[in-house]
Amino acid sequence: MFYFILKRIALLVPIFFGVTLMAFGFIRMLPGDPVAALAGERDMTPERHAEIMVKLGLDKPVWQQYLDYIWNLLHGDFGTSVLTNRPILDEFLELFPATIELGLTAMILAVVIGVPIGIFAAVKRGTIYDQGIMGISLVGYSMPIFWWGLLLIILFGGIWGLTPISGRISFLFDVETVTGFLLIDTLLSGEEGAFASAMHHMILPTIVLGTIPLAIIARQTRSAMLEVLSEDYVRTARAKGLSPLRVYGLHALRNAMITVITVIGLQVGTLMAGAILTETIFSWPGIGKWIIFSVFSRDYYAVQGGLVLIAMIIMSVNLVVDLLYGLINPRIMHTSS
Amino acid sequence: MDPAVDAPRKSMLRQNLAEFWYYFSESKSAVVGLAFLVGIILMAIFADFIAPHDPTIQYRECLEHAPAWGEDKCNFIFGTDYAGRDMLSRIIHGTRLSLVAGGIVVILCLSIGIVFGLVAGFFRGWVDTAIMRIMDTIMSVPGLLMALVLVAILGPGLLNAMIAISITYLPHFVRLTRSSYITESSKEYVIASKVAGAGRFRIMFITILPNCMAPLIVQGTLSFSTAILDTAALGFLGMGAQPPAPEWGTLIAENRDLMLSAPWTVTFPGLAILLAVLAINLMGDGLRDALDPKMKRS
């Protein structure tokens, strides 16, 4: 097991250097004068220009700049935002809980609905139920989610007036930030109606962000189940006269879950990409909206830092999924060592 | 070429195509998807004749006009946008941009991906390691974020969006080519052609590559649909095609402020994206079933 973990971590080292090299190169490949782009100032005097160049370390050789950059990263220094003059890491950590909160609820929605309907479709293979579920999930998979979000806003927010269409909570509430997770913070604050308001604001973004993972999970659960259902042990279980619930729920599902868990883990990247669009549509104050804002306001250190941080988060999640996969499927670990 | 050699080759191709069509047409939804896609392609080609109006002409007396037909003036089936332009005509012309964007992304990915994949598979060693680590790096960042960063470097615009999206999809094609190349390269027919004295490039491109094409075609089809989605997403974020180009995502972005007062300006372009992507995905599912030997019930 230890060897297995070590090997997986060793695989990440080159990718870490790849990502940092890419992020480092990003700033240097920007069109125009990097000093002007990074300092966000125009019409600088030559003295000021030289001063900033030294301050940003742009006067050193490129390889040294890269080493400095890595050194800073390893010490938690992801640079400073040109716009707010605050450390990128602080800004990121401040906004990140909002993104996790939304990502988690979307993922819960996707799993809670996707896994059961996938199993149902597999068990009822070839029937109208199966075709219906697969048809709808293909529509979900093909959905341009930014349009889906606007459509829901038009219907639920505009025409029917059922849900709020932007932000995380009604402006009437002023909830103290403790964990950054608004659902928890509103409960802690004890303010009446605050939790309900936060929940109310989550409905549409959760549906929008959860749609594509839901469709993928439903499709993959179905195919994993179909594969398992044709195995001998399932036939044996059925022949023994076990109840369908026991056959599907215990014998088949447990083995199908191996695939399903991997698929769920792989959705983290999809969620991050989806968060960019979902947060933009719903003015959700998370990482996705922040990145877009940074790109548009040419806050390139923020974009660079965000890129590295997001890549590192996805790498860690994938590592955990890999290890979990080895844990629940012992066949993997034995073949690798 | 010697006709005696050429004839059996042609008939084999015909036989393969017939077999493919047999499996493909078993799935009705795939055929529907294909038919719809052909329809969209025809619409894109003949956009100038099909579109009832010029997509750029502004009918100032019909600003934000709701969908209507049979009226005296302002006869716009899909309504007009904030500048009084006909939505239907803009969407029809937008088909061109989306299909061309998707097509170019797939062509770029296939051509570059195959070359890198073959090189990695053929040379192995450090060349392989270097190529695959670069691909891992690209894959470690979510596609849309990667595309955004690349567009920030290249500058917004449809062409740059296509290049950026191609780079983010490239790893899938490289990995696929490499792995099927490695599987194929140890098979007997390859050894036979090596013994017969075939050169390096002949083995790579003529002996092995055709046998790696099936998964690549499926991947290409699926990437075609996601490329249309991502092009639209970049357009929506203002980093893809720039107004007044009637790209579907850009159409949604430029009418977003009107979405509550004139919902048709946002609804129809999105529906167009959804239907096009859905058709291609339906076809892609059918292609996979028809081309994947594991799924064949022979």
# chains A, B, ... in the order shown; residues from 1 in each chain; ligands from 1
>>> residues_around(residues="Ser89 (chain B)", least_positions_apart="6", cutoff="9 Å", atoms="only C-alpha atoms", output="PyMOL selection string")
chain B and resi 47-48+50-56+78
>>> write_last_selection(atoms="C-alpha atoms", output="PDB file, in the first residue's frame")
ATOM      1  CA  ALA B  47     -27.462  30.013 -45.333  1.00  0.00           C
ATOM      2  CA  ASP B  48     -27.591  32.882 -47.847  1.00  0.00           C
ATOM      3  CA  ILE B  50     -32.442  29.941 -46.593  1.00  0.00           C
ATOM      4  CA  ALA B  51     -32.218  32.917 -44.255  1.00  0.00           C
ATOM      5  CA  PRO B  52     -35.252  35.157 -44.806  1.00  0.00           C
ATOM      6  CA  HIS B  53     -33.293  38.340 -44.040  1.00  0.00           C
ATOM      7  CA  ASP B  54     -29.758  39.641 -44.037  1.00  0.00           C
ATOM      8  CA  PRO B  55     -28.376  38.810 -40.551  1.00  0.00           C
ATOM      9  CA  THR B  56     -26.792  42.256 -40.204  1.00  0.00           C
ATOM     10  CA  PHE B  78     -38.014  34.060 -34.127  1.00  0.00           C
TER      11      PHE B  78
END
>>> residues_around(residues="His201 (chain A)", least_positions_apart="6", cutoff="9 Å", atoms="only C-alpha atoms", output="list in words")
Thr163, Pro164, Ile165, Ser166, Gly167, Arg168, Ile169 and Ser170 of chain A
>>> interface_residues(of="chain A", to="chain B", cutoff="6 Å", atoms="only C-alpha atoms", output="number ranges by chain")
A: 15, 18-19, 30, 142-143, 147, 154, 269, 273, 311
>>> atom_distance(atom1="CA of Arg178 (chain B)", atom2="CA of Lys10 (chain B)")
28.6 Å
>>> residues_around(residues="Thr105 (chain A)", least_positions_apart="4", cutoff="12 Å", atoms="only C-alpha atoms", output="number ranges by chain")
A: 98-101, 109-112, 181, 183, 199, 202-211, 213-214, 271
>>> write_last_selection(atoms="N, CA and C atoms", output="PDB file, in the first residue's frame")
ATOM      1  N   ALA A  98     -17.156  29.241  -1.223  1.00  0.00           N
ATOM      2  CA  ALA A  98     -18.397  29.423  -1.995  1.00  0.00           C
ATOM      3  C   ALA A  98     -18.437  28.441  -3.157  1.00  0.00           C
ATOM      4  N   THR A  99     -17.270  28.255  -3.802  1.00  0.00           N
ATOM      5  CA  THR A  99     -17.216  27.333  -4.926  1.00  0.00           C
ATOM      6  C   THR A  99     -17.367  25.887  -4.463  1.00  0.00           C
ATOM      7  N   ILE A 100     -16.699  25.552  -3.350  1.00  0.00           N
ATOM      8  CA  ILE A 100     -16.826  24.175  -2.845  1.00  0.00           C
ATOM      9  C   ILE A 100     -18.275  23.894  -2.461  1.00  0.00           C
ATOM     10  N   GLU A 101     -18.881  24.861  -1.779  1.00  0.00           N
ATOM     11  CA  GLU A 101     -20.251  24.667  -1.326  1.00  0.00           C
ATOM     12  C   GLU A 101     -21.164  24.354  -2.514  1.00  0.00           C
ATOM     13  N   LEU A 109     -26.496  16.370  -5.678  1.00  0.00           N
ATOM     14  CA  LEU A 109     -27.665  16.262  -6.557  1.00  0.00           C
ATOM     15  C   LEU A 109     -27.404  15.231  -7.653  1.00  0.00           C
ATOM     16  N   ALA A 110     -26.211  15.325  -8.258  1.00  0.00           N
ATOM     17  CA  ALA A 110     -25.891  14.440  -9.380  1.00  0.00           C
ATOM     18  C   ALA A 110     -25.841  12.987  -8.935  1.00  0.00           C
ATOM     19  N   VAL A 111     -25.263  12.729  -7.769  1.00  0.00           N
ATOM     20  CA  VAL A 111     -25.121  11.338  -7.309  1.00  0.00           C
ATOM     21  C   VAL A 111     -26.462  10.788  -6.836  1.00  0.00           C
ATOM     22  N   VAL A 112     -27.168  11.612  -6.044  1.00  0.00           N
ATOM     23  CA  VAL A 112     -28.425  11.132  -5.461  1.00  0.00           C
ATOM     24  C   VAL A 112     -29.450  10.799  -6.544  1.00  0.00           C
ATOM     25  N   PHE A 181     -18.609  28.594   4.504  1.00  0.00           N
ATOM     26  CA  PHE A 181     -19.736  27.859   3.930  1.00  0.00           C
ATOM     27  C   PHE A 181     -21.004  28.494   4.463  1.00  0.00           C
ATOM     28  N   LEU A 183     -24.121  27.852   4.213  1.00  0.00           N
ATOM     29  CA  LEU A 183     -25.166  27.011   4.821  1.00  0.00           C
ATOM     30  C   LEU A 183     -24.842  26.737   6.286  1.00  0.00           C
ATOM     31  N   MET A 199     -30.378  28.660   1.299  1.00  0.00           N
ATOM     32  CA  MET A 199     -30.823  27.480   0.559  1.00  0.00           C
ATOM     33  C   MET A 199     -31.555  27.880  -0.714  1.00  0.00           C
ATOM     34  N   MET A 202     -29.450  28.761  -3.493  1.00  0.00           N
ATOM     35  CA  MET A 202     -28.620  27.679  -4.041  1.00  0.00           C
ATOM     36  C   MET A 202     -29.331  26.847  -5.094  1.00  0.00           C
ATOM     37  N   ILE A 203     -30.671  26.916  -5.109  1.00  0.00           N
ATOM     38  CA  ILE A 203     -31.423  25.956  -5.929  1.00  0.00           C
ATOM     39  C   ILE A 203     -31.009  26.001  -7.402  1.00  0.00           C
ATOM     40  N   LEU A 204     -31.145  27.172  -8.016  1.00  0.00           N
ATOM     41  CA  LEU A 204     -30.866  27.240  -9.456  1.00  0.00           C
ATOM     42  C   LEU A 204     -29.406  26.947  -9.788  1.00  0.00           C
ATOM     43  N   PRO A 205     -28.436  27.578  -9.107  1.00  0.00           N
ATOM     44  CA  PRO A 205     -27.036  27.262  -9.444  1.00  0.00           C
ATOM     45  C   PRO A 205     -26.712  25.780  -9.280  1.00  0.00           C
ATOM     46  N   THR A 206     -27.289  25.150  -8.243  1.00  0.00           N
ATOM     47  CA  THR A 206     -27.020  23.730  -8.035  1.00  0.00           C
ATOM     48  C   THR A 206     -27.531  22.903  -9.206  1.00  0.00           C
ATOM     49  N   ILE A 207     -28.750  23.208  -9.645  1.00  0.00           N
ATOM     50  CA  ILE A 207     -29.313  22.457 -10.778  1.00  0.00           C
ATOM     51  C   ILE A 207     -28.434  22.650 -12.011  1.00  0.00           C
ATOM     52  N   VAL A 208     -28.055  23.896 -12.268  1.00  0.00           N
ATOM     53  CA  VAL A 208     -27.283  24.184 -13.483  1.00  0.00           C
ATOM     54  C   VAL A 208     -25.924  23.478 -13.440  1.00  0.00           C
ATOM     55  N   LEU A 209     -25.227  23.606 -12.319  1.00  0.00           N
ATOM     56  CA  LEU A 209     -23.895  23.008 -12.237  1.00  0.00           C
ATOM     57  C   LEU A 209     -23.976  21.485 -12.188  1.00  0.00           C
ATOM     58  N   GLY A 210     -25.080  20.950 -11.623  1.00  0.00           N
ATOM     59  CA  GLY A 210     -25.182  19.498 -11.462  1.00  0.00           C
ATOM     60  C   GLY A 210     -25.643  18.770 -12.710  1.00  0.00           C
ATOM     61  N   THR A 211     -26.156  19.500 -13.696  1.00  0.00           N
ATOM     62  CA  THR A 211     -26.788  18.837 -14.842  1.00  0.00           C
ATOM     63  C   THR A 211     -25.843  17.897 -15.592  1.00  0.00           C
ATOM     64  N   PRO A 213     -22.728  16.615 -14.760  1.00  0.00           N
ATOM     65  CA  PRO A 213     -22.303  15.452 -13.963  1.00  0.00           C
ATOM     66  C   PRO A 213     -23.426  14.442 -13.757  1.00  0.00           C
ATOM     67  N   LEU A 214     -24.641  14.934 -13.541  1.00  0.00           N
ATOM     68  CA  LEU A 214     -25.784  14.036 -13.365  1.00  0.00           C
ATOM     69  C   LEU A 214     -25.954  13.146 -14.585  1.00  0.00           C
ATOM     70  N   LEU A 271     -16.683  20.076 -12.914  1.00  0.00           N
ATOM     71  CA  LEU A 271     -17.308  21.015 -11.984  1.00  0.00           C
ATOM     72  C   LEU A 271     -16.587  22.363 -11.998  1.00  0.00           C
TER      73      LEU A 271
END
>>> residues_around(residues="Pro97 (chain A)", least_positions_apart="4", cutoff="10 Å", atoms="only C-alpha atoms", output="count of residues only")
12
